[in-house]
Amino acid sequence: MENLSEKITVATFFNHYGAMRMKKALGPDALLRPVPRLLSSSCGTCVFIQRTHEVLQEILEKADENLEAVYIKDGDKYTNIWKVS
């Protein structure tokens, strides 16, 4: 499903339920994964989304209070693009 050489959007959550709801809302290009060690998360589950174009707006529209942060993964590097305040 995923090509790790391309940029991927990663969303982390405060609980597993939030991650599951987001995966369902985003559809087939989203994948539940363990949170990478370089990132912190309260629940240990994140959503990998195979695209980066306009996905932040879609995530924020579909998210509830369980969304913790959103990152762009480029190779082995993660760049934070949104975090709960």
# chains A, B, ... in the order shown; residues from 1 in each chain; ligands from 1
>>> residues_around(residues="Thr12 in chain A", least_positions_apart="6", cutoff="8 Å", atoms="only C-alpha atoms", output="number ranges by chain")
A: 19, 35, 41, 45-47, 67-70
>>> write_last_selection(atoms="N, CA and C atoms", output="mmCIF file, in the first residue's frame")
data_model
loop_
_atom_site.group_PDB
_atom_site.id
_atom_site.type_symbol
_atom_site.label_atom_id
_atom_site.label_comp_id
_atom_site.auth_asym_id
_atom_site.auth_seq_id
_atom_site.Cartn_x
_atom_site.Cartn_y
_atom_site.Cartn_z
ATOM 1 N N ALA A 19 -7.790 7.414 16.548
ATOM 2 C CA ALA A 19 -7.051 6.939 15.377
ATOM 3 C C ALA A 19 -7.941 6.072 14.488
ATOM 4 N N VAL A 35 2.924 4.178 16.376
ATOM 5 C CA VAL A 35 3.578 5.487 16.291
ATOM 6 C C VAL A 35 5.087 5.272 16.204
ATOM 7 N N SER A 41 3.225 9.836 21.434
ATOM 8 C CA SER A 41 1.787 9.724 21.342
ATOM 9 C C SER A 41 1.258 9.089 22.610
ATOM 10 N N THR A 45 -0.903 4.545 18.654
ATOM 11 C CA THR A 45 -1.427 4.261 17.324
ATOM 12 C C THR A 45 -1.520 5.561 16.535
ATOM 13 N N CYS A 46 -1.105 5.510 15.283
ATOM 14 C CA CYS A 46 -1.208 6.687 14.423
ATOM 15 C C CYS A 46 -1.838 6.278 13.102
ATOM 16 N N VAL A 47 -2.106 7.262 12.267
ATOM 17 C CA VAL A 47 -2.641 7.015 10.933
ATOM 18 C C VAL A 47 -1.640 7.545 9.922
ATOM 19 N N LEU A 67 -7.292 14.236 18.261
ATOM 20 C CA LEU A 67 -6.129 14.504 17.414
ATOM 21 C C LEU A 67 -5.045 15.189 18.234
ATOM 22 N N GLU A 68 -3.831 14.635 18.208
ATOM 23 C CA GLU A 68 -2.714 15.184 18.969
ATOM 24 C C GLU A 68 -1.793 16.038 18.093
ATOM 25 N N ALA A 69 -1.360 15.494 16.939
ATOM 26 C CA ALA A 69 -0.416 16.214 16.077
ATOM 27 C C ALA A 69 -0.454 15.614 14.675
ATOM 28 N N VAL A 70 0.062 16.403 13.704
ATOM 29 C CA VAL A 70 0.168 15.947 12.316
ATOM 30 C C VAL A 70 1.591 16.240 11.850
#
>>> atom_distance(atom1="CA of Cys43 in chain A", atom2="CA of His16 in chain A")
5.6 Å
>>> closest_residue(among="A:Glu54, A:Leu39, A:Asp64, A:Pro34", to="Lys77 in chain A", atoms="only C-alpha atoms")
A:Leu39
>>> closest_residue(among="A:Lys83, A:Leu32, A:Arg51, A:Arg37", to="Gly18 in chain A", atoms="only C-alpha atoms")
A:Leu32
>>> residues_around(residues="Ile8 in chain A", least_positions_apart="2", cutoff="6 Å", atoms="only C-alpha atoms", output="count of residues only")
6
>>> select_by_dssp(residues="chain A", states="strand (DSSP E)", output="JSON, numbers by chain")
{"A": [8, 9, 10, 11, 12, 13, 30, 31, 32, 33, 34, 45, 46, 47, 48, 49, 67, 68, 69, 70, 71, 72, 73, 74, 77, 78, 79, 80, 81, 82, 83]}
>>> closest_residue(among="A:Val10, A:Ala25, A:Ile81, A:Leu31", to="Ala63 in chain A", atoms="only C-alpha atoms")
A:Ala25
>>> closest_residue(among="A:Asn66, A:His53, A:Glu61, A:Ala30", to="Lys7 in chain A", atoms="only C-alpha atoms")
A:His53
>>> select_by_dssp(residues="chain A", states="helix (DSSP H, G or I)", output="PyMOL selection string")
chain A and resi 16-29+55-62
>>> write_last_selection(atoms="C-alpha atoms", output="mmCIF file, in the first residue's frame")
data_model
loop_
_atom_site.group_PDB
_atom_site.id
_atom_site.type_symbol
_atom_site.label_atom_id
_atom_site.label_comp_id
_atom_site.auth_asym_id
_atom_site.auth_seq_id
_atom_site.Cartn_x
_atom_site.Cartn_y
_atom_site.Cartn_z
ATOM 1 C CA HIS A 16 -6.785 4.525 19.942
ATOM 2 C CA TYR A 17 -10.459 5.275 19.265
ATOM 3 C CA GLY A 18 -9.555 8.633 17.697
ATOM 4 C CA ALA A 19 -7.051 6.939 15.377
ATOM 5 C CA MET A 20 -9.609 4.324 14.335
ATOM 6 C CA ARG A 21 -12.257 6.976 13.603
ATOM 7 C CA MET A 22 -9.818 9.006 11.492
ATOM 8 C CA LYS A 23 -8.737 5.944 9.489
ATOM 9 C CA LYS A 24 -12.375 5.197 8.713
ATOM 10 C CA ALA A 25 -13.097 8.848 7.787
ATOM 11 C CA LEU A 26 -10.098 9.096 5.431
ATOM 12 C CA GLY A 27 -10.783 5.843 3.634
ATOM 13 C CA PRO A 28 -8.525 3.444 1.742
ATOM 14 C CA ASP A 29 -5.418 5.656 1.505
ATOM 15 C CA VAL A 55 -4.607 16.358 3.593
ATOM 16 C CA LEU A 56 -4.050 18.623 6.641
ATOM 17 C CA GLN A 57 -7.267 20.515 5.922
ATOM 18 C CA GLU A 58 -9.143 17.230 5.487
ATOM 19 C CA ILE A 59 -7.722 15.852 8.758
ATOM 20 C CA LEU A 60 -8.652 18.996 10.690
ATOM 21 C CA GLU A 61 -12.193 18.958 9.252
ATOM 22 C CA LYS A 62 -12.743 15.306 10.210
#
>>> atom_distance(atom1="CA of Tyr78 in chain A", atom2="CA of Arg33 in chain A")
15.1 Å
>>> closest_residue(among="A:Asp74, A:Asn80, A:Phe48, A:Ser40", to="Thr9 in chain A", atoms="only C-alpha atoms")
A:Phe48
